[in-house]
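Asks: File query.csv follows (CSV, C-alpha atoms):
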```
chain,number,residue,atom,x,y,z
U,1,MET,CA,117.3,-60.5,-103.6
U,2,PRO,CA,119.0,-60.6,-107.0
U,3,ILE,CA,122.3,-61.5,-105.4
U,4,GLU,CA,123.6,-65.0,-104.9
U,5,ALA,CA,125.1,-64.2,-101.6
U,6,ASN,CA,126.9,-67.4,-100.8
U,7,ALA,CA,129.1,-67.3,-104.0
U,8,TYR,CA,129.8,-63.7,-103.2
U,9,ARG,CA,130.8,-64.4,-99.6
U,10,ARG,CA,133.3,-66.9,-100.9
U,11,ALA,CA,134.9,-64.3,-103.1
U,12,TRP,CA,134.9,-61.7,-100.3
U,13,ALA,CA,136.4,-64.2,-97.8
U,14,ALA,CA,139.2,-65.0,-100.3
U,15,TRP,CA,140.0,-61.2,-100.6
U,16,LEU,CA,139.9,-60.4,-96.9
U,17,PRO,CA,143.2,-62.0,-95.5
U,18,ALA,CA,145.5,-59.9,-97.7
U,19,ALA,CA,143.3,-56.8,-97.4
U,20,LEU,CA,142.9,-56.8,-93.6
U,21,PRO,CA,146.4,-55.6,-92.7
U,22,LEU,CA,146.1,-52.9,-95.4
U,23,LEU,CA,142.8,-51.7,-93.9
U,24,GLU,CA,144.4,-51.7,-90.5
U,25,ASN,CA,147.1,-49.4,-91.8
U,26,GLU,CA,144.6,-47.2,-93.6
U,27,GLU,CA,146.0,-48.1,-97.0
U,28,TYR,CA,142.6,-48.1,-98.6
U,29,ALA,CA,143.6,-47.8,-102.2
U,30,ALA,CA,145.7,-50.9,-102.0
U,31,ALA,CA,143.1,-52.7,-100.0
U,32,PHE,CA,140.2,-52.0,-102.3
U,33,LYS,CA,142.1,-52.5,-105.5
U,34,SER,CA,140.8,-56.1,-105.7
U,35,PHE,CA,137.7,-55.7,-103.6
U,36,PRO,CA,135.1,-58.1,-105.0
U,37,SER,CA,131.8,-56.6,-106.0
U,38,PRO,CA,128.7,-58.7,-106.2
U,39,GLU,CA,127.0,-59.4,-109.5
U,40,LEU,CA,123.9,-57.3,-109.6
U,41,ALA,CA,120.9,-57.8,-111.9
U,42,ALA,CA,120.1,-54.9,-114.2
U,43,LEU,CA,117.9,-52.4,-112.5
U,44,PRO,CA,114.8,-51.6,-114.4
U,45,PHE,CA,113.4,-48.1,-114.2
U,46,ARG,CA,110.0,-47.9,-112.5
U,47,PRO,CA,108.1,-44.6,-112.2
U,48,ALA,CA,107.6,-43.3,-108.6
U,49,PRO,CA,104.0,-43.2,-107.2
U,50,ALA,CA,101.8,-40.2,-107.9
U,51,ARG,CA,102.6,-37.2,-105.7
U,52,ALA,CA,99.7,-37.8,-103.3
U,53,GLU,CA,100.9,-41.3,-102.6
U,54,ARG,CA,104.5,-40.4,-101.9
U,55,ARG,CA,105.7,-41.1,-98.4
U,56,ILE,CA,109.4,-40.7,-98.1
U,57,ALA,CA,111.9,-42.7,-96.0
U,58,LEU,CA,115.1,-40.8,-95.2
U,59,ILE,CA,118.1,-43.1,-95.2
U,60,THR,CA,121.7,-42.1,-94.8
U,61,THR,CA,125.1,-43.7,-94.4
U,62,ALA,CA,126.3,-40.9,-92.2
U,63,GLY,CA,126.6,-43.0,-89.0
U,64,ALA,CA,123.7,-41.1,-87.3
U,65,TYR,CA,122.1,-42.3,-84.1
U,66,ASP,CA,120.1,-41.1,-81.1
U,67,ALA,CA,122.8,-40.1,-78.6
U,68,GLN,CA,120.5,-40.7,-75.7
U,69,THR,CA,119.2,-44.2,-76.5
U,70,GLN,CA,121.5,-45.8,-79.0
U,71,ALA,CA,125.1,-47.0,-79.2
U,72,PRO,CA,127.5,-45.3,-81.5
U,73,PHE,CA,128.7,-47.0,-84.6
U,74,ALA,CA,132.1,-48.8,-84.5
U,75,ALA,CA,134.0,-46.1,-86.3
U,76,GLY,CA,137.3,-47.4,-85.2
U,77,SER,CA,136.9,-50.9,-86.7
U,78,ALA,CA,139.1,-51.7,-89.7
U,79,ILE,CA,136.2,-53.5,-91.3
U,80,GLY,CA,133.6,-50.9,-90.4
U,81,ASP,CA,130.2,-51.6,-89.1
U,82,VAL,CA,127.3,-53.4,-90.7
U,83,THR,CA,124.7,-52.5,-88.1
U,84,HIS,CA,122.0,-49.8,-88.6
U,85,ARG,CA,120.0,-47.4,-86.4
U,86,VAL,CA,116.4,-46.4,-86.6
U,87,PHE,CA,115.3,-43.3,-84.8
U,88,PRO,CA,112.3,-41.0,-84.9
U,89,THR,CA,112.2,-38.4,-87.7
U,90,GLU,CA,111.0,-35.9,-85.1
U,91,LEU,CA,114.1,-36.5,-82.9
U,92,PRO,CA,115.5,-33.1,-81.9
U,93,ASP,CA,118.7,-32.1,-83.6
U,94,ALA,CA,120.6,-32.0,-80.4
U,95,ARG,CA,120.0,-35.7,-79.8
U,96,ILE,CA,121.4,-36.8,-83.2
U,97,ALA,CA,125.1,-37.8,-83.0
U,98,LEU,CA,127.4,-38.9,-85.9
U,99,ARG,CA,130.0,-41.6,-85.6
U,100,HIS,CA,131.7,-42.6,-88.8
U,101,GLY,CA,135.4,-41.7,-89.0
U,102,HIS,CA,135.8,-41.4,-92.7
U,103,TYR,CA,134.4,-38.0,-93.3
U,104,ASP,CA,134.6,-34.6,-91.6
U,105,PRO,CA,131.4,-34.3,-89.5
U,106,ALA,CA,132.0,-30.6,-88.6
U,107,ALA,CA,129.3,-29.2,-91.0
U,108,ALA,CA,126.7,-31.8,-89.9
U,109,ASN,CA,127.5,-31.2,-86.3
U,110,ALA,CA,126.9,-27.5,-86.8
U,111,ASP,CA,123.7,-28.1,-88.9
U,112,VAL,CA,122.4,-31.6,-89.3
U,113,GLU,CA,120.2,-30.5,-92.2
U,114,VAL,CA,123.3,-30.8,-94.4
U,115,LEU,CA,122.9,-34.6,-94.2
U,116,LEU,CA,119.5,-35.2,-92.7
U,117,PRO,CA,117.3,-32.4,-94.2
U,118,ARG,CA,114.2,-33.2,-92.3
U,119,ARG,CA,113.0,-29.7,-91.8
U,120,THR,CA,113.8,-28.8,-95.4
U,121,LEU,CA,111.9,-31.7,-96.7
U,122,ARG,CA,108.8,-30.8,-94.6
U,123,ASP,CA,109.1,-27.2,-95.6
U,124,ALA,CA,109.0,-28.4,-99.2
U,125,GLY,CA,105.8,-30.2,-98.5
U,126,ALA,CA,107.2,-33.7,-98.5
U,127,VAL,CA,105.5,-36.4,-96.3
U,128,LEU,CA,108.2,-38.3,-94.3
U,129,THR,CA,107.9,-41.7,-92.6
U,130,ALA,CA,108.1,-41.8,-88.8
U,131,ASN,CA,111.7,-43.0,-88.7
U,132,VAL,CA,115.1,-42.1,-90.1
U,133,ILE,CA,117.4,-45.0,-90.9
U,134,SER,CA,121.1,-44.8,-90.7
U,135,THR,CA,124.0,-47.0,-91.4
U,136,MET,CA,127.7,-46.2,-91.2
U,137,GLY,CA,128.8,-46.3,-94.8
U,138,TYR,CA,132.3,-47.5,-94.0
U,139,CYS,CA,131.2,-51.1,-94.1
U,140,ILE,CA,133.6,-53.7,-95.5
U,141,ASP,CA,131.7,-56.9,-94.6
U,142,TRP,CA,129.5,-56.7,-97.7
U,143,PRO,CA,128.3,-60.3,-97.5
U,144,SER,CA,126.8,-59.6,-94.1
U,145,PHE,CA,125.5,-56.2,-95.2
U,146,ILE,CA,123.8,-57.8,-98.2
U,147,GLU,CA,122.5,-60.9,-96.4
U,148,GLN,CA,121.5,-59.3,-93.1
U,149,THR,CA,121.5,-55.5,-93.1
U,150,VAL,CA,119.8,-54.7,-96.4
U,151,PRO,CA,116.8,-57.0,-95.8
U,152,GLN,CA,116.4,-55.3,-92.4
U,153,LEU,CA,116.5,-51.9,-94.0
U,154,VAL,CA,113.9,-52.9,-96.6
U,155,ALA,CA,111.7,-54.4,-93.9
U,156,GLN,CA,111.9,-51.2,-91.9
U,157,VAL,CA,111.1,-49.1,-94.9
U,158,ARG,CA,108.1,-51.3,-95.5
U,159,ALA,CA,107.0,-51.2,-91.9
U,160,ASP,CA,107.1,-47.4,-92.1
U,161,ARG,CA,104.8,-47.6,-95.1
U,162,ALA,CA,107.2,-45.7,-97.3
U,163,THR,CA,106.6,-45.6,-101.1
U,164,CYS,CA,109.7,-43.6,-101.8
U,165,ALA,CA,113.2,-43.3,-100.3
U,166,LEU,CA,115.7,-40.5,-100.3
U,167,LEU,CA,119.2,-41.9,-99.8
U,168,VAL,CA,122.0,-39.8,-98.6
U,169,PRO,CA,125.5,-41.4,-98.9
U,170,VAL,CA,128.4,-39.7,-97.3
E,171,MET,CA,132.3,-47.4,-99.5
E,172,CYS,CA,129.4,-45.2,-98.4
E,173,HIS,CA,128.2,-44.4,-101.8
E,174,GLN,CA,128.7,-48.0,-102.8
E,175,THR,CA,126.7,-49.4,-99.9
E,176,VAL,CA,123.9,-46.9,-100.7
E,177,ARG,CA,123.9,-48.4,-104.1
E,178,LEU,CA,123.2,-51.9,-102.6
E,179,VAL,CA,120.3,-50.4,-100.5
E,180,ALA,CA,118.9,-48.5,-103.4
E,181,GLU,CA,118.9,-51.5,-105.7
E,182,ALA,CA,117.2,-53.7,-103.0
E,183,LEU,CA,114.5,-51.0,-102.4
E,184,GLU,CA,113.9,-50.6,-106.1
E,185,PHE,CA,113.4,-54.3,-106.6
E,186,ASP,CA,111.0,-54.2,-103.7
E,187,GLY,CA,108.9,-51.5,-105.4
E,188,ILE,CA,110.2,-48.5,-103.4
E,189,ALA,CA,111.2,-45.6,-105.7
E,190,THR,CA,114.6,-44.2,-104.7
E,191,ALA,CA,116.4,-40.9,-105.2
E,192,VAL,CA,120.0,-40.4,-104.2
E,193,VAL,CA,121.7,-37.1,-103.3
E,194,GLY,CA,125.4,-37.8,-103.3
E,195,THR,CA,128.7,-36.1,-103.8
E,196,MET,CA,130.7,-38.9,-105.5
E,197,ARG,CA,129.3,-39.2,-109.0
E,198,GLY,CA,131.3,-42.1,-110.3
E,199,MET,CA,129.8,-44.5,-107.8
E,200,LEU,CA,126.2,-43.7,-108.4
E,201,LYS,CA,125.9,-44.3,-112.1
E,202,GLY,CA,123.1,-46.8,-113.1
E,203,LEU,CA,120.8,-45.8,-110.3
E,204,PRO,CA,117.4,-44.5,-111.4
E,205,ARG,CA,117.3,-41.0,-109.8
E,206,VAL,CA,120.5,-39.3,-108.8
E,207,ILE,CA,121.6,-35.7,-108.0
E,208,VAL,CA,125.3,-35.1,-107.5
E,209,THR,CA,126.1,-32.0,-105.5
E,210,PRO,CA,129.4,-30.1,-105.6
E,211,TYR,CA,130.0,-30.1,-101.9
E,212,ASP,CA,132.5,-32.0,-99.7
E,213,ARG,CA,131.5,-35.4,-98.3
E,214,GLY,CA,129.4,-34.8,-95.2
E,215,GLN,CA,127.5,-31.8,-96.5
E,216,ASN,CA,125.5,-33.2,-99.4
E,217,PHE,CA,122.8,-30.5,-99.2
E,218,GLY,CA,125.2,-27.6,-99.0
E,219,PRO,CA,127.1,-25.6,-96.4
E,220,ALA,CA,125.8,-25.5,-92.8
E,221,GLY,CA,123.3,-22.8,-92.3
E,222,ASP,CA,122.6,-22.3,-96.0
E,223,THR,CA,118.9,-22.9,-95.8
E,224,ALA,CA,118.3,-21.6,-99.3
E,225,GLU,CA,120.8,-24.0,-100.8
E,226,HIS,CA,119.4,-26.9,-98.8
E,227,ALA,CA,115.9,-26.0,-100.2
E,228,ALA,CA,117.2,-25.8,-103.7
E,229,VAL,CA,118.8,-29.3,-103.5
E,230,ILE,CA,115.7,-30.7,-101.9
E,231,ALA,CA,113.5,-29.2,-104.6
E,232,GLU,CA,115.6,-31.0,-107.2
E,233,ALA,CA,115.6,-34.2,-105.3
E,234,LEU,CA,111.8,-34.3,-104.9
E,235,ALA,CA,111.4,-33.5,-108.6
E,236,LEU,CA,113.3,-36.7,-109.4
E,237,PHE,CA,110.3,-38.6,-108.3
E,238,ASP,CA,108.3,-37.0,-111.1
E,239,ALA,CA,110.7,-38.3,-113.8
E,240,SER,CA,109.5,-40.8,-116.3
E,241,GLU,CA,113.0,-42.0,-117.1
E,242,PRO,CA,116.3,-42.3,-115.3
E,243,VAL,CA,117.8,-39.0,-114.2
E,244,PHE,CA,121.5,-38.4,-113.4
E,245,ARG,CA,122.0,-34.7,-112.7
E,246,ASP,CA,124.7,-32.4,-111.4
E,247,HIS,CA,123.4,-29.8,-109.0
E,248,LYS,CA,124.9,-26.4,-109.6
E,249,SER,CA,125.5,-24.5,-106.4
E,250,SER,CA,123.5,-21.4,-106.1
E,251,PRO,CA,125.4,-18.1,-106.4
E,252,ALA,CA,126.3,-16.7,-103.0
```
Give the structure from this file in structure tokens form.
Replies:
Amino acid sequence: MPIEANAYRRAWAAWLPAALPLLENEEYAAAFKSFPSPELAALPFRPAPARAERRIALITTAGAYDAQTQAPFAAGSAIGDVTHRVFPTELPDARIALRHGHYDPAAANADVEVLLPRRTLRDAGAVLTANVISTMGYCIDWPSFIEQTVPQLVAQVRADRATCALLVPV
Amino acid sequence: MCHQTVRLVAEALEFDGIATAVVGTMRGMLKGLPRVIVTPYDRGQNFGPAGDTAEHAAVIAEALALFDASEPVFRDHKSSPA
């Protein structure tokens, strides 16, 4: 990882005490005014694999999960949720639930393709991996997200033998 | 936060050799990523209105085409006429 997480965690921990009451009062602009961002290395452009080698992982921050087998995300938490869910790409629409709290899920509840376009991708000829990965994008604990969640997501993408990823932030 | 955390994930994947494309709605938070389409829809319906399969297909076609690019792409998707 190009991020020196321990230094970043110190900066984030210094920010949190004053921000937490603001977050609890949903005063997000004030809370995030001084939110510390990690220093990231410059991202070089690398071409994608040839079409025949493209195997796409679908990743969203929509707070999607399998309503029959997985716990909802902690949408009510002032600091959000750093966990993630992995569920089969072939999961029926009716089993996909959304828990986030910071966007209106009405459109996705009516038609999950607006956020997880699995059918549309297949109809376009895309080859998808076996699993969809979701986080809940309202996640304030960035040090934990960077140190724990992101490596797990990358490992899942690798395990699913993806060569490409389509990311859908909400 | 959602778009920003996706940025963290995209950067980690790119550094690990996985090519990424992002379809988002908040353009200011996605600059600097290698392949981005910004759609004009509300948060929570990145690929277009519910039930609008033609629009979903149009956005997906643009998103898949991003993987053919030989240089960074940051593009606004124009919604299809109703």
Asks: Do you have, as a Markdown table, the list of residues of chain E lying at most 9 Å from chain U, each with its nearest atom pair and that distance in Å to one decimal, counting all atoms listed in the file and ordered by chain then number?
Replies:
```
| residue | atom | partner | partner_atom | distance |
| --- | --- | --- | --- | --- |
| E:Met171 | CA | U:Tyr138 | CA | 5.5 |
| E:Cys172 | CA | U:Gly137 | CA | 3.8 |
| E:His173 | CA | U:Pro169 | CA | 5.0 |
| E:Gln174 | CA | U:Gly137 | CA | 8.2 |
| E:Thr175 | CA | U:Gly137 | CA | 6.3 |
| E:Val176 | CA | U:Pro169 | CA | 6.0 |
| E:Arg177 | CA | U:Pro169 | CA | 8.9 |
| E:Leu178 | CA | U:Ile146 | CA | 7.4 |
| E:Val179 | CA | U:Val150 | CA | 6.0 |
| E:Ala180 | CA | U:Leu167 | CA | 7.5 |
| E:Glu181 | CA | U:Leu43 | CA | 6.9 |
| E:Ala182 | CA | U:Met1 | CA | 6.8 |
| E:Leu183 | CA | U:Val154 | CA | 6.1 |
| E:Glu184 | CA | U:Leu43 | CA | 7.8 |
| E:Phe185 | CA | U:Leu43 | CA | 7.7 |
| E:Asp186 | CA | U:Val154 | CA | 7.8 |
| E:Gly187 | CA | U:Thr163 | CA | 7.7 |
| E:Ile188 | CA | U:Thr163 | CA | 5.2 |
| E:Ala189 | CA | U:Cys164 | CA | 4.6 |
| E:Thr190 | CA | U:Ala165 | CA | 4.7 |
| E:Ala191 | CA | U:Leu166 | CA | 5.0 |
| E:Val192 | CA | U:Leu167 | CA | 4.7 |
| E:Val193 | CA | U:Val168 | CA | 5.4 |
| E:Gly194 | CA | U:Pro169 | CA | 5.7 |
| E:Thr195 | CA | U:Val170 | CA | 7.4 |
| E:Met196 | CA | U:Val170 | CA | 8.6 |
| E:Gly202 | CA | U:Leu43 | CA | 7.7 |
| E:Leu203 | CA | U:Leu43 | CA | 7.5 |
| E:Pro204 | CA | U:Phe45 | CA | 6.1 |
| E:Asp212 | CA | U:Asp104 | CA | 8.8 |
| E:Arg213 | CA | U:Val170 | CA | 5.4 |
| E:Gly214 | CA | U:Val170 | CA | 5.4 |
| E:Gln215 | CA | U:Val114 | CA | 4.8 |
| E:Asn216 | CA | U:Val114 | CA | 6.0 |
| E:Phe217 | CA | U:Val114 | CA | 4.8 |
| E:Gly218 | CA | U:Val114 | CA | 5.9 |
| E:Pro219 | CA | U:Val114 | CA | 6.7 |
| E:Ala220 | CA | U:Asp111 | CA | 5.1 |
| E:Gly221 | CA | U:Asp111 | CA | 6.3 |
| E:Asp222 | CA | U:Val114 | CA | 8.7 |
| E:Thr223 | CA | U:Thr120 | CA | 7.8 |
| E:His226 | CA | U:Thr120 | CA | 6.8 |
| E:Ala227 | CA | U:Thr120 | CA | 5.9 |
| E:Ile230 | CA | U:Leu121 | CA | 6.5 |
| E:Ala231 | CA | U:Ala124 | CA | 7.1 |
| E:Ala233 | CA | U:Leu166 | CA | 8.0 |
| E:Leu234 | CA | U:Ala126 | CA | 7.9 |
| E:Leu236 | CA | U:Ala48 | CA | 8.8 |
| E:Phe237 | CA | U:Ala48 | CA | 5.4 |
| E:Asp238 | CA | U:Ala48 | CA | 6.8 |
| E:Ala239 | CA | U:Pro47 | CA | 7.0 |
| E:Ser240 | CA | U:Pro47 | CA | 5.8 |
| E:Glu241 | CA | U:Phe45 | CA | 6.8 |
| E:Pro242 | CA | U:Phe45 | CA | 6.6 |
```
Asks: Any idea what the distance is between CA of Pro36 in chain U and CA of Leu22 in chain U?
Replies: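 Those two atoms sit 15.5 Å apart.
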Asks: What gap, in Å, lies between CA of Ala228 in chain E and CA of Gly198 in chain E?
Replies: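 Interatomic distance, CA of Ala228 in chain E to CA of Gly198 in chain E: 22.5 Å.
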Asks: Using all atoms listed in the file, can you tell me which of U:Gly63, U:Pro17, U:Pro143, U:Gly76 comes closest to Leu98 in chain U?
Replies: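 Using all atoms listed in the file, Leu98 in chain U sits closest to U:Gly63.
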Asks: Quote the spacing between CA of Asp81 in chain U and CA of Thr69 in chain U in Å to one decimal place.
Replies: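 Pair CA of Asp81 in chain U / CA of Thr69 in chain U returns 18.3 Å.
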Asks: Using only C-alpha atoms, which of the listed residues (U:Ser134, U:Ala71, U:Leu58, U:Thr83) sits closest to Arg122 in chain U?
Replies: U:Leu58
Asks: So which residues touch Ala14 in chain U within 12 Å, counting only C-alpha atoms, skipping near sequence neighbours fewer than 5 positions away, as number ranges by chain?
Replies: U: 7-9, 19-20, 34-36
